[in-house]
>>> print(open('data24.pdb').read())   # PDB, C-alpha atoms
ATOM      1  CA  MET A   1       2.473   8.073  20.691
ATOM      2  CA  THR A   2      -0.895   8.654  19.045
ATOM      3  CA  ALA A   3      -2.604   6.189  16.720
ATOM      4  CA  THR A   4      -1.622   8.195  13.653
ATOM      5  CA  GLN A   5       2.076   8.533  14.445
ATOM      6  CA  PRO A   6       4.606   6.107  13.003
ATOM      7  CA  ALA A   7       5.554   3.309  15.405
ATOM      8  CA  ALA A   8       8.978   2.220  16.588
ATOM      9  CA  ALA A   9      11.548  -0.130  15.055
ATOM     10  CA  ASP A  10       9.236  -3.155  14.980
ATOM     11  CA  ALA A  11       6.888  -1.208  12.679
ATOM     12  CA  PRO A  12       9.040   1.478  11.049
ATOM     13  CA  PHE A  13       6.189   3.090   9.098
ATOM     14  CA  GLY A  14       3.431   2.367  11.597
ATOM     15  CA  ARG A  15       1.138  -0.646  11.482
ATOM     16  CA  MET A  16      -1.848   0.511   9.419
ATOM     17  CA  LEU A  17      -1.044   2.003   6.018
ATOM     18  CA  THR A  18      -3.258   2.556   2.998
ATOM     19  CA  ALA A  19      -1.973   2.329  -0.560
ATOM     20  CA  MET A  20      -3.682   5.527  -1.659
ATOM     21  CA  ILE A  21      -5.368   6.072  -4.999
ATOM     22  CA  THR A  22      -4.420   9.140  -7.011
ATOM     23  CA  PRO A  23      -7.533  11.320  -7.316
ATOM     24  CA  MET A  24      -8.199  12.628 -10.807
ATOM     25  CA  THR A  25     -10.203  15.524 -12.170
ATOM     26  CA  ALA A  26     -12.982  14.966 -14.678
ATOM     27  CA  ASP A  27     -10.592  15.673 -17.565
ATOM     28  CA  GLY A  28      -8.075  13.084 -16.323
ATOM     29  CA  GLY A  29      -5.580  15.396 -14.638
ATOM     30  CA  VAL A  30      -4.251  14.706 -11.158
ATOM     31  CA  ASP A  31      -6.457  16.326  -8.515
ATOM     32  CA  TYR A  32      -3.820  17.566  -6.088
ATOM     33  CA  ASP A  33      -6.314  19.347  -3.831
ATOM     34  CA  GLY A  34      -8.408  16.190  -3.774
ATOM     35  CA  ALA A  35      -5.326  14.153  -2.888
ATOM     36  CA  ALA A  36      -4.639  16.434   0.060
ATOM     37  CA  ARG A  37      -8.252  16.106   1.245
ATOM     38  CA  LEU A  38      -8.252  12.344   0.859
ATOM     39  CA  ALA A  39      -4.920  11.971   2.640
ATOM     40  CA  THR A  40      -6.213  14.065   5.531
ATOM     41  CA  TYR A  41      -9.341  11.918   5.729
ATOM     42  CA  LEU A  42      -7.364   8.684   5.687
ATOM     43  CA  VAL A  43      -5.093   9.834   8.496
ATOM     44  CA  ASP A  44      -7.547  11.699  10.697
ATOM     45  CA  GLU A  45     -10.729   9.674  10.164
ATOM     46  CA  MET A  46      -9.501   6.239   9.032
ATOM     47  CA  ARG A  47      -6.651   6.097  11.589
ATOM     48  CA  ASN A  48      -3.886   5.407   9.104
ATOM     49  CA  ASP A  49      -0.371   5.504  10.526
ATOM     50  CA  GLY A  50       0.995   5.901   7.039
ATOM     51  CA  LEU A  51       0.154   6.288   3.358
ATOM     52  CA  VAL A  52       1.805   4.803   0.300
ATOM     53  CA  ILE A  53       1.717   7.211  -2.644
ATOM     54  CA  SER A  54       2.231   6.264  -6.300
ATOM     55  CA  GLY A  55       2.009   2.532  -5.814
ATOM     56  CA  THR A  56      -0.017   0.252  -8.045
ATOM     57  CA  THR A  57      -3.251   1.553  -6.497
ATOM     58  CA  GLY A  58      -1.977   5.067  -7.157
ATOM     59  CA  GLU A  59      -1.866   4.320 -10.911
ATOM     60  CA  SER A  60       1.890   4.836 -10.969
ATOM     61  CA  PRO A  61       2.302   3.258 -14.427
ATOM     62  CA  THR A  62       0.269   6.107 -15.955
ATOM     63  CA  THR A  63       1.441   9.134 -13.960
ATOM     64  CA  THR A  64       4.478  11.155 -14.971
ATOM     65  CA  ASP A  65       7.541  11.784 -12.825
ATOM     66  CA  GLY A  66       6.453  15.385 -12.408
ATOM     67  CA  GLU A  67       2.972  14.364 -11.328
ATOM     68  CA  LYS A  68       4.443  11.912  -8.819
ATOM     69  CA  GLU A  69       6.607  14.595  -7.239
ATOM     70  CA  ARG A  70       3.824  17.177  -6.997
ATOM     71  CA  LEU A  71       1.426  14.560  -5.610
ATOM     72  CA  LEU A  72       3.928  13.471  -2.977
ATOM     73  CA  ARG A  73       4.553  17.039  -1.873
ATOM     74  CA  ALA A  74       0.800  17.730  -1.652
ATOM     75  CA  VAL A  75       0.222  14.699   0.574
ATOM     76  CA  ILE A  76       3.203  15.433   2.819
ATOM     77  CA  GLU A  77       2.014  19.018   3.259
ATOM     78  CA  ALA A  78      -1.488  17.799   4.096
ATOM     79  CA  VAL A  79      -0.601  15.220   6.760
ATOM     80  CA  GLY A  80       2.559  16.746   8.181
ATOM     81  CA  ASP A  81       4.122  14.570  10.862
ATOM     82  CA  ARG A  82       0.826  12.827  11.664
ATOM     83  CA  ALA A  83       1.664   9.904   9.371
ATOM     84  CA  ALA A  84       4.513   8.354   7.447
ATOM     85  CA  VAL A  85       4.358   9.026   3.704
ATOM     86  CA  VAL A  86       6.031   6.314   1.642
ATOM     87  CA  ALA A  87       6.727   6.990  -2.030
ATOM     88  CA  GLY A  88       6.358   4.268  -4.613
ATOM     89  CA  VAL A  89       9.399   4.640  -6.868
ATOM     90  CA  GLY A  90       9.792   1.165  -8.327
ATOM     91  CA  THR A  91      10.032   0.670 -12.089
ATOM     92  CA  ASN A  92      11.547  -1.931 -14.407
ATOM     93  CA  ASP A  93      14.464   0.418 -15.176
ATOM     94  CA  THR A  94      17.106   0.591 -12.446
ATOM     95  CA  ALA A  95      18.419   4.033 -13.402
ATOM     96  CA  HIS A  96      14.892   5.473 -13.513
ATOM     97  CA  THR A  97      14.076   3.920 -10.146
ATOM     98  CA  CYS A  98      17.159   5.525  -8.608
ATOM     99  CA  GLU A  99      16.191   8.933  -9.995
ATOM    100  CA  LEU A 100      12.633   8.601  -8.647
ATOM    101  CA  ALA A 101      14.097   7.607  -5.271
ATOM    102  CA  ARG A 102      16.236  10.738  -5.167
ATOM    103  CA  GLN A 103      13.244  12.838  -6.246
ATOM    104  CA  ALA A 104      11.166  11.375  -3.398
ATOM    105  CA  GLU A 105      13.904  12.035  -0.878
ATOM    106  CA  ARG A 106      14.109  15.677  -1.966
ATOM    107  CA  ALA A 107      10.337  15.966  -1.625
ATOM    108  CA  GLY A 108      10.457  14.778   1.980
ATOM    109  CA  ALA A 109       9.204  11.178   1.804
ATOM    110  CA  SER A 110       9.446   9.029   4.928
ATOM    111  CA  GLY A 111      10.512   5.983   2.941
ATOM    112  CA  LEU A 112      10.455   4.232  -0.414
ATOM    113  CA  LEU A 113       8.410   1.355  -1.825
ATOM    114  CA  LEU A 114      10.336  -0.651  -4.432
ATOM    115  CA  VAL A 115       8.266  -3.071  -6.488
ATOM    116  CA  THR A 116       9.964  -5.980  -8.225
ATOM    117  CA  PRO A 117      10.901  -4.992 -11.788
ATOM    118  CA  TYR A 118       8.123  -6.159 -14.070
ATOM    119  CA  TYR A 119       7.899  -7.398 -17.669
ATOM    120  CA  ASN A 120      11.651  -7.874 -18.243
ATOM    121  CA  LYS A 121      11.784 -10.823 -15.758
ATOM    122  CA  PRO A 122      15.303 -10.418 -14.328
ATOM    123  CA  PRO A 123      17.027 -13.344 -12.631
ATOM    124  CA  GLN A 124      17.360 -13.260  -8.851
ATOM    125  CA  SER A 125      20.900 -11.873  -9.095
ATOM    126  CA  GLY A 126      19.470  -9.023 -11.181
ATOM    127  CA  LEU A 127      16.802  -8.350  -8.565
ATOM    128  CA  VAL A 128      19.398  -8.171  -5.819
ATOM    129  CA  ALA A 129      21.531  -5.789  -7.879
ATOM    130  CA  HIS A 130      18.514  -3.627  -8.762
ATOM    131  CA  PHE A 131      17.247  -3.333  -5.189
ATOM    132  CA  THR A 132      20.753  -2.718  -3.882
ATOM    133  CA  ARG A 133      21.409   0.135  -6.307
ATOM    134  CA  ALA A 134      18.029   1.704  -5.540
ATOM    135  CA  ALA A 135      18.569   1.405  -1.788
ATOM    136  CA  ASP A 136      22.029   2.952  -2.175
ATOM    137  CA  ALA A 137      20.572   5.939  -4.059
ATOM    138  CA  THR A 138      19.229   7.684  -0.936
ATOM    139  CA  GLY A 139      19.367   7.563   2.837
ATOM    140  CA  LEU A 140      15.684   6.617   3.122
ATOM    141  CA  PRO A 141      14.392   3.320   4.533
ATOM    142  CA  VAL A 142      13.060   0.924   1.905
ATOM    143  CA  ILE A 143      10.105  -1.459   1.679
ATOM    144  CA  LEU A 144      10.486  -4.178  -0.951
ATOM    145  CA  TYR A 145       7.216  -5.021  -2.699
ATOM    146  CA  ASP A 146       6.865  -8.693  -3.619
ATOM    147  CA  ILE A 147       3.849  -9.183  -5.911
ATOM    148  CA  PRO A 148       4.622 -11.834  -8.526
ATOM    149  CA  GLY A 149       1.034 -11.895  -9.758
ATOM    150  CA  ARG A 150       1.726  -8.492 -11.323
ATOM    151  CA  THR A 151       5.475  -8.606 -11.911
ATOM    152  CA  ALA A 152       5.847 -12.266 -12.996
ATOM    153  CA  THR A 153       8.939 -12.599 -10.765
ATOM    154  CA  PRO A 154       8.837 -13.447  -7.054
ATOM    155  CA  ILE A 155      11.593 -12.311  -4.722
ATOM    156  CA  ALA A 156      13.123 -15.612  -3.624
ATOM    157  CA  THR A 157      13.689 -16.327   0.051
ATOM    158  CA  GLU A 158      17.436 -16.474  -0.552
ATOM    159  CA  SER A 159      17.340 -13.043  -2.188
ATOM    160  CA  LEU A 160      15.421 -11.562   0.751
ATOM    161  CA  LEU A 161      17.955 -13.016   3.175
ATOM    162  CA  GLN A 162      20.730 -11.357   1.182
ATOM    163  CA  LEU A 163      18.913  -8.023   0.809
ATOM    164  CA  ALA A 164      18.136  -7.937   4.547
ATOM    165  CA  GLU A 165      21.825  -7.194   5.121
ATOM    166  CA  HIS A 166      21.438  -3.786   3.441
ATOM    167  CA  PRO A 167      21.067  -1.106   6.128
ATOM    168  CA  HIS A 168      18.357   0.789   4.224
ATOM    169  CA  ILE A 169      16.180  -2.228   3.360
ATOM    170  CA  VAL A 170      13.967  -2.605   6.414
ATOM    171  CA  ALA A 171      10.637  -4.106   5.330
ATOM    172  CA  VAL A 172       8.690  -6.210   2.833
ATOM    173  CA  LYS A 173       5.187  -5.624   1.528
ATOM    174  CA  ASP A 174       4.080  -9.150   0.729
ATOM    175  CA  ALA A 175       1.441  -9.889  -1.884
ATOM    176  CA  LYS A 176       2.902 -13.272  -2.713
ATOM    177  CA  GLY A 177       0.882 -15.007  -0.020
ATOM    178  CA  ASP A 178       3.529 -17.554   1.014
ATOM    179  CA  LEU A 179       3.263 -17.342   4.794
ATOM    180  CA  GLY A 180       5.762 -20.157   5.216
ATOM    181  CA  ALA A 181       8.469 -18.417   3.219
ATOM    182  CA  GLY A 182       7.724 -15.143   4.965
ATOM    183  CA  SER A 183       8.011 -16.838   8.342
ATOM    184  CA  LEU A 184      11.454 -18.141   7.444
ATOM    185  CA  VAL A 185      12.592 -14.651   6.456
ATOM    186  CA  MET A 186      11.181 -13.048   9.600
ATOM    187  CA  MET A 187      12.816 -15.708  11.772
ATOM    188  CA  ALA A 188      16.223 -15.254  10.149
ATOM    189  CA  THR A 189      16.331 -11.453   9.642
ATOM    190  CA  ASP A 190      15.136  -8.141  11.031
ATOM    191  CA  LEU A 191      12.946  -7.450   7.984
ATOM    192  CA  VAL A 192       9.487  -6.210   8.955
ATOM    193  CA  PHE A 193       6.618  -7.697   6.961
ATOM    194  CA  TYR A 194       3.459  -5.864   5.937
ATOM    195  CA  CYS A 195       0.541  -7.738   4.397
ATOM    196  CA  GLY A 196      -0.188  -6.457   0.896
ATOM    197  CA  ASP A 197      -3.231  -8.675   0.230
ATOM    198  CA  ASP A 198      -6.247  -7.615   2.282
ATOM    199  CA  MET A 199      -7.850 -11.062   2.411
ATOM    200  CA  LEU A 200      -4.723 -12.338   4.229
ATOM    201  CA  ASN A 201      -4.394  -9.489   6.731
ATOM    202  CA  LEU A 202      -5.219 -11.552   9.814
ATOM    203  CA  PRO A 203      -3.259 -14.660   8.746
ATOM    204  CA  TRP A 204      -0.155 -12.530   8.244
ATOM    205  CA  LEU A 205      -0.503 -11.068  11.734
ATOM    206  CA  SER A 206      -0.564 -14.613  13.090
ATOM    207  CA  VAL A 207       2.924 -15.377  11.752
ATOM    208  CA  GLY A 208       4.501 -12.089  12.808
ATOM    209  CA  ALA A 209       3.676  -9.354  10.317
ATOM    210  CA  ALA A 210       3.752  -5.851  11.769
ATOM    211  CA  GLY A 211       0.664  -4.622   9.946
ATOM    212  CA  PHE A 212      -0.889  -3.898   6.586
ATOM    213  CA  VAL A 213      -0.449  -1.892   3.418
ATOM    214  CA  SER A 214      -4.109  -2.031   2.501
ATOM    215  CA  VAL A 215      -6.441  -1.007  -0.298
ATOM    216  CA  VAL A 216      -9.594  -1.625   1.739
ATOM    217  CA  GLY A 217      -8.105   0.867   4.214
ATOM    218  CA  HIS A 218      -9.680   3.608   2.080
ATOM    219  CA  VAL A 219     -13.089   2.668   3.502
ATOM    220  CA  ALA A 220     -12.275   0.636   6.629
ATOM    221  CA  GLY A 221      -8.871   1.741   7.859
ATOM    222  CA  ASP A 222     -10.233   2.394  11.334
ATOM    223  CA  ARG A 223     -11.534  -1.169  11.673
ATOM    224  CA  LEU A 224      -8.351  -2.629  10.238
ATOM    225  CA  HIS A 225      -6.464  -0.651  12.860
ATOM    226  CA  ASP A 226      -8.826  -2.120  15.465
ATOM    227  CA  MET A 227      -7.979  -5.595  14.162
ATOM    228  CA  ILE A 228      -4.274  -4.964  14.586
ATOM    229  CA  ASP A 229      -4.763  -3.501  18.068
ATOM    230  CA  ALA A 230      -6.928  -6.442  19.137
ATOM    231  CA  TYR A 231      -4.479  -9.024  17.843
ATOM    232  CA  GLN A 232      -1.487  -7.271  19.384
ATOM    233  CA  ALA A 233      -3.336  -7.201  22.731
ATOM    234  CA  GLY A 234      -4.066 -10.934  22.558
ATOM    235  CA  ARG A 235      -7.779 -10.533  21.767
ATOM    236  CA  VAL A 236      -7.628 -12.974  18.887
ATOM    237  CA  GLY A 237     -11.358 -13.685  18.847
ATOM    238  CA  GLU A 238     -12.113  -9.988  18.452
ATOM    239  CA  ALA A 239      -9.592  -9.713  15.614
ATOM    240  CA  ARG A 240     -11.184 -12.702  13.894
ATOM    241  CA  ARG A 241     -14.644 -11.170  14.227
ATOM    242  CA  ILE A 242     -13.412  -7.989  12.512
ATOM    243  CA  HIS A 243     -11.864 -10.141   9.793
ATOM    244  CA  TYR A 244     -15.185 -11.838   9.154
ATOM    245  CA  ASP A 245     -17.054  -8.528   9.197
ATOM    246  CA  LEU A 246     -14.726  -7.151   6.518
ATOM    247  CA  LEU A 247     -15.019 -10.096   4.115
ATOM    248  CA  PRO A 248     -17.682  -8.380   1.946
ATOM    249  CA  LEU A 249     -15.316  -5.437   1.500
ATOM    250  CA  TYR A 250     -12.381  -7.649   0.601
ATOM    251  CA  THR A 251     -14.558  -9.373  -1.976
ATOM    252  CA  GLY A 252     -16.245  -6.260  -3.322
ATOM    253  CA  ILE A 253     -13.149  -4.121  -3.679
ATOM    254  CA  MET A 254     -10.451  -6.659  -4.468
ATOM    255  CA  THR A 255     -11.992  -9.502  -6.479
ATOM    256  CA  ARG A 256     -14.919  -8.338  -8.632
ATOM    257  CA  THR A 257     -12.740  -6.252 -10.937
ATOM    258  CA  GLN A 258      -9.446  -4.364 -10.762
ATOM    259  CA  GLY A 259      -8.950  -2.800  -7.328
ATOM    260  CA  VAL A 260      -8.252   0.768  -8.428
ATOM    261  CA  ILE A 261     -11.516   0.776 -10.364
ATOM    262  CA  THR A 262     -13.595  -0.370  -7.397
ATOM    263  CA  THR A 263     -11.768   1.807  -4.872
ATOM    264  CA  LYS A 264     -12.399   4.964  -6.877
ATOM    265  CA  ALA A 265     -16.033   3.947  -7.331
ATOM    266  CA  ALA A 266     -16.340   3.337  -3.581
ATOM    267  CA  LEU A 267     -14.893   6.748  -2.796
ATOM    268  CA  GLY A 268     -17.389   8.271  -5.201
ATOM    269  CA  LEU A 269     -20.236   6.607  -3.304
ATOM    270  CA  LEU A 270     -18.848   8.080  -0.091
ATOM    271  CA  GLY A 271     -18.470  11.578  -1.509
ATOM    272  CA  LEU A 272     -14.669  11.496  -1.263
ATOM    273  CA  PRO A 273     -12.109  12.508  -3.916
ATOM    274  CA  GLY A 274     -11.462   9.793  -6.463
ATOM    275  CA  GLY A 275     -12.526  10.653  -9.977
ATOM    276  CA  PRO A 276     -11.922   8.607 -13.109
ATOM    277  CA  VAL A 277      -9.171   6.095 -13.766
ATOM    278  CA  ARG A 278      -6.618   6.458 -16.529
ATOM    279  CA  GLY A 279      -6.413   4.076 -19.465
ATOM    280  CA  PRO A 280      -5.881   1.221 -19.941
ATOM    281  CA  LEU A 281      -8.078   0.950 -16.850
ATOM    282  CA  ILE A 282     -11.741   1.772 -17.323
ATOM    283  CA  ASP A 283     -14.281   3.169 -14.892
ATOM    284  CA  ALA A 284     -16.780   0.933 -13.134
ATOM    285  CA  THR A 285     -20.056   0.308 -14.938
ATOM    286  CA  PRO A 286     -23.410   1.226 -13.340
ATOM    287  CA  ALA A 287     -24.026  -2.464 -12.620
ATOM    288  CA  GLN A 288     -20.615  -2.817 -10.955
ATOM    289  CA  ILE A 289     -21.288   0.271  -8.855
ATOM    290  CA  GLU A 290     -24.601  -1.122  -7.630
ATOM    291  CA  GLN A 291     -22.951  -4.419  -6.705
ATOM    292  CA  LEU A 292     -20.225  -2.470  -4.938
ATOM    293  CA  ARG A 293     -22.825  -0.472  -3.037
ATOM    294  CA  ALA A 294     -24.305  -3.747  -1.754
ATOM    295  CA  ASP A 295     -20.839  -5.040  -0.812
ATOM    296  CA  LEU A 296     -20.023  -1.859   1.089
ATOM    297  CA  VAL A 297     -23.298  -1.967   3.026
ATOM    298  CA  ALA A 298     -22.791  -5.673   3.816
ATOM    299  CA  GLY A 299     -19.315  -4.795   5.069
ATOM    300  CA  GLY A 300     -20.630  -2.135   7.436
ATOM    301  CA  VAL A 301     -19.704   0.973   5.450
ATOM    302  CA  LYS A 302     -22.197   3.777   5.859
ATOM    303  CA  ILE A 303     -22.992   5.341   2.493
ATOM    304  CA  LYS A 304     -24.336   8.861   2.634
TER     305      LYS A 304
END
>>> encode(input="data24.pdb", output="structure tokens")
Amino acid sequence: MTATQPAAADAPFGRMLTAMITPMTADGGVDYDGAARLATYLVDEMRNDGLVISGTTGESPTTTDGEKERLLRAVIEAVGDRAAVVAGVGTNDTAHTCELARQAERAGASGLLLVTPYYNKPPQSGLVAHFTRAADATGLPVILYDIPGRTATPIATESLLQLAEHPHIVAVKDAKGDLGAGSLVMMATDLVFYCGDDMLNLPWLSVGAAGFVSVVGHVAGDRLHDMIDAYQAGRVGEARRIHYDLLPLYTGIMTRTQGVITTKAALGLLGLPGGPVRGPLIDATPAQIEQLRADLVAGGVKIK
């Protein structure tokens, strides 16, 4: 198995995945050719085992269903069987989520990412029903995405234990940051955990996560893959050194302003497809771009 092929059952979508931005043209349309080029770069140069398309970083709230389908097909065509391609299909409308899931399956996705329904704040029984219906909609494996900072509703440990019994629900992308709760779920179930918060990548490995669904992977996927490889091989000191080396990138991309904004600006500095963001997001200012440039250099990214 090569570094860019999906791994086995303990990492069903591979270990290193990037939550890919959706490149845009200058007039705000989706840049499908740019998406294909970026996906190829992320797999072949940044050593990504998989890509997540139309997640939060992919500006899914502001892309249409038709754009999502065409984007997914463009990425799948570009990377072929060299990487898993997971489609973000989660919404706060169960019926719409199920339709997007079926659309992704028809397009050839490797799996589905289901974010917790946002804004309407369902009770835990509603979450379980929502995820169950969405997982029943196709034969694809499912990653649940737990990010209460955006959705306002965490997936409770008891709900994860219940959802783990569904044959299609195989993994969790955790951006809740509760390593204790995650440990309990991993101990009691076969759910595979992926870190969804770059600053916590190494800590999550230490309690049993399989890998990452990263934003910083756009510019440092190869080194994140090295971190995983080192940790898996027992070279903990080497993994920690990589973690420290990447801290300026975690800070620069994930904390100074919204992550899509900084990621697209970073790709622009590297000469890679990115383009503008869609409203209500707003493009990085010149001052933010200069700070980002300094963060990237401090984090070991070579800017052309």
>>> closest_residue(input="data24.pdb", among="A:Pro117, A:Pro123, A:Gly271, A:Gly90", to="Ser60 in chain A", atoms="all atoms listed in the file")
A:Gly90
>>> atom_distance(input="data24.pdb", atom1="CA of Gly177 in chain A", atom2="CA of Thr151 in chain A")
14.3 Å
>>> residues_near_point(input="data24.pdb", point="(10.1, -1.9, -4.8)", cutoff="10 Å", atoms="all atoms listed in the file", output="number ranges by chain")
A: 55, 87-92, 97, 112-117, 130-131, 134-135, 142-147, 172-173
>>> resolve_selection(input="data24.pdb", expression="the PyMOL selection byres ((chain A and resi 241-256) around 6)", output="ChimeraX atom specification")
/A:199,238-240,257,259,262,292,295-296,299
>>> atom_distance(input="data24.pdb", atom1="CA of Leu269 in chain A", atom2="CA of Ala220 in chain A")
14.1 Å
>>> residues_near_point(input="data24.pdb", point="(1.0, -7.5, 8.5)", cutoff="10 Å", atoms="all atoms listed in the file", output="list in words")
Ala11, Arg15, Met16, Val172, Lys173, Asp174, Val192, Phe193, Tyr194, Cys195, Gly196, Asp197, Asp198, Leu200, Asn201, Leu202, Pro203, Trp204, Leu205, Ser206, Val207, Gly208, Ala209, Ala210, Gly211, Phe212, Val213, Ser214 and Ile228 of chain A
>>> atom_distance(input="data24.pdb", atom1="CA of Arg47 in chain A", atom2="CA of Asp33 in chain A")
20.3 Å
>>> resolve_selection(input="data24.pdb", expression="the PyMOL selection byres ((chain A and resi 264) around 10)", output="list of chain:residue names")
A:Ile21, A:Thr22, A:Pro23, A:Met24, A:Thr57, A:His218, A:Ile253, A:Gly259, A:Val260, A:Ile261, A:Thr262, A:Thr263, A:Ala265, A:Ala266, A:Leu267, A:Gly268, A:Leu269, A:Leu270, A:Leu272, A:Pro273, A:Gly274, A:Gly275, A:Pro276, A:Val277, A:Asp283, A:Ala284
>>> write_last_selection(input="data24.pdb", atoms="C-alpha atoms", output="PDB file, keeping the file's coordinate frame")
ATOM      1  CA  ILE A  21      -5.368   6.072  -4.999  1.00  0.00           C
ATOM      2  CA  THR A  22      -4.420   9.140  -7.011  1.00  0.00           C
ATOM      3  CA  PRO A  23      -7.533  11.320  -7.316  1.00  0.00           C
ATOM      4  CA  MET A  24      -8.199  12.628 -10.807  1.00  0.00           C
ATOM      5  CA  THR A  57      -3.251   1.553  -6.497  1.00  0.00           C
ATOM      6  CA  HIS A 218      -9.680   3.608   2.080  1.00  0.00           C
ATOM      7  CA  ILE A 253     -13.149  -4.121  -3.679  1.00  0.00           C
ATOM      8  CA  GLY A 259      -8.950  -2.800  -7.328  1.00  0.00           C
ATOM      9  CA  VAL A 260      -8.252   0.768  -8.428  1.00  0.00           C
ATOM     10  CA  ILE A 261     -11.516   0.776 -10.364  1.00  0.00           C
ATOM     11  CA  THR A 262     -13.595  -0.370  -7.397  1.00  0.00           C
ATOM     12  CA  THR A 263     -11.768   1.807  -4.872  1.00  0.00           C
ATOM     13  CA  ALA A 265     -16.033   3.947  -7.331  1.00  0.00           C
ATOM     14  CA  ALA A 266     -16.340   3.337  -3.581  1.00  0.00           C
ATOM     15  CA  LEU A 267     -14.893   6.748  -2.796  1.00  0.00           C
ATOM     16  CA  GLY A 268     -17.389   8.271  -5.201  1.00  0.00           C
ATOM     17  CA  LEU A 269     -20.236   6.607  -3.304  1.00  0.00           C
ATOM     18  CA  LEU A 270     -18.848   8.080  -0.091  1.00  0.00           C
ATOM     19  CA  LEU A 272     -14.669  11.496  -1.263  1.00  0.00           C
ATOM     20  CA  PRO A 273     -12.109  12.508  -3.916  1.00  0.00           C
ATOM     21  CA  GLY A 274     -11.462   9.793  -6.463  1.00  0.00           C
ATOM     22  CA  GLY A 275     -12.526  10.653  -9.977  1.00  0.00           C
ATOM     23  CA  PRO A 276     -11.922   8.607 -13.109  1.00  0.00           C
ATOM     24  CA  VAL A 277      -9.171   6.095 -13.766  1.00  0.00           C
ATOM     25  CA  ASP A 283     -14.281   3.169 -14.892  1.00  0.00           C
ATOM     26  CA  ALA A 284     -16.780   0.933 -13.134  1.00  0.00           C
TER      27      ALA A 284
END
>>> residues_around(input="data24.pdb", residues="Arg73 in chain A", least_positions_apart="3", cutoff="9 Å", atoms="only C-alpha atoms", output="PDB file with C-alpha atoms, keeping the file's coordinate frame")
ATOM      1  CA  LYS A  68       4.443  11.912  -8.819  1.00  0.00           C
ATOM      2  CA  GLU A  69       6.607  14.595  -7.239  1.00  0.00           C
ATOM      3  CA  ARG A  70       3.824  17.177  -6.997  1.00  0.00           C
ATOM      4  CA  ILE A  76       3.203  15.433   2.819  1.00  0.00           C
ATOM      5  CA  GLU A  77       2.014  19.018   3.259  1.00  0.00           C
ATOM      6  CA  ALA A  78      -1.488  17.799   4.096  1.00  0.00           C
ATOM      7  CA  ALA A 104      11.166  11.375  -3.398  1.00  0.00           C
ATOM      8  CA  ALA A 107      10.337  15.966  -1.625  1.00  0.00           C
ATOM      9  CA  GLY A 108      10.457  14.778   1.980  1.00  0.00           C
ATOM     10  CA  ALA A 109       9.204  11.178   1.804  1.00  0.00           C
TER      11      ALA A 109
END
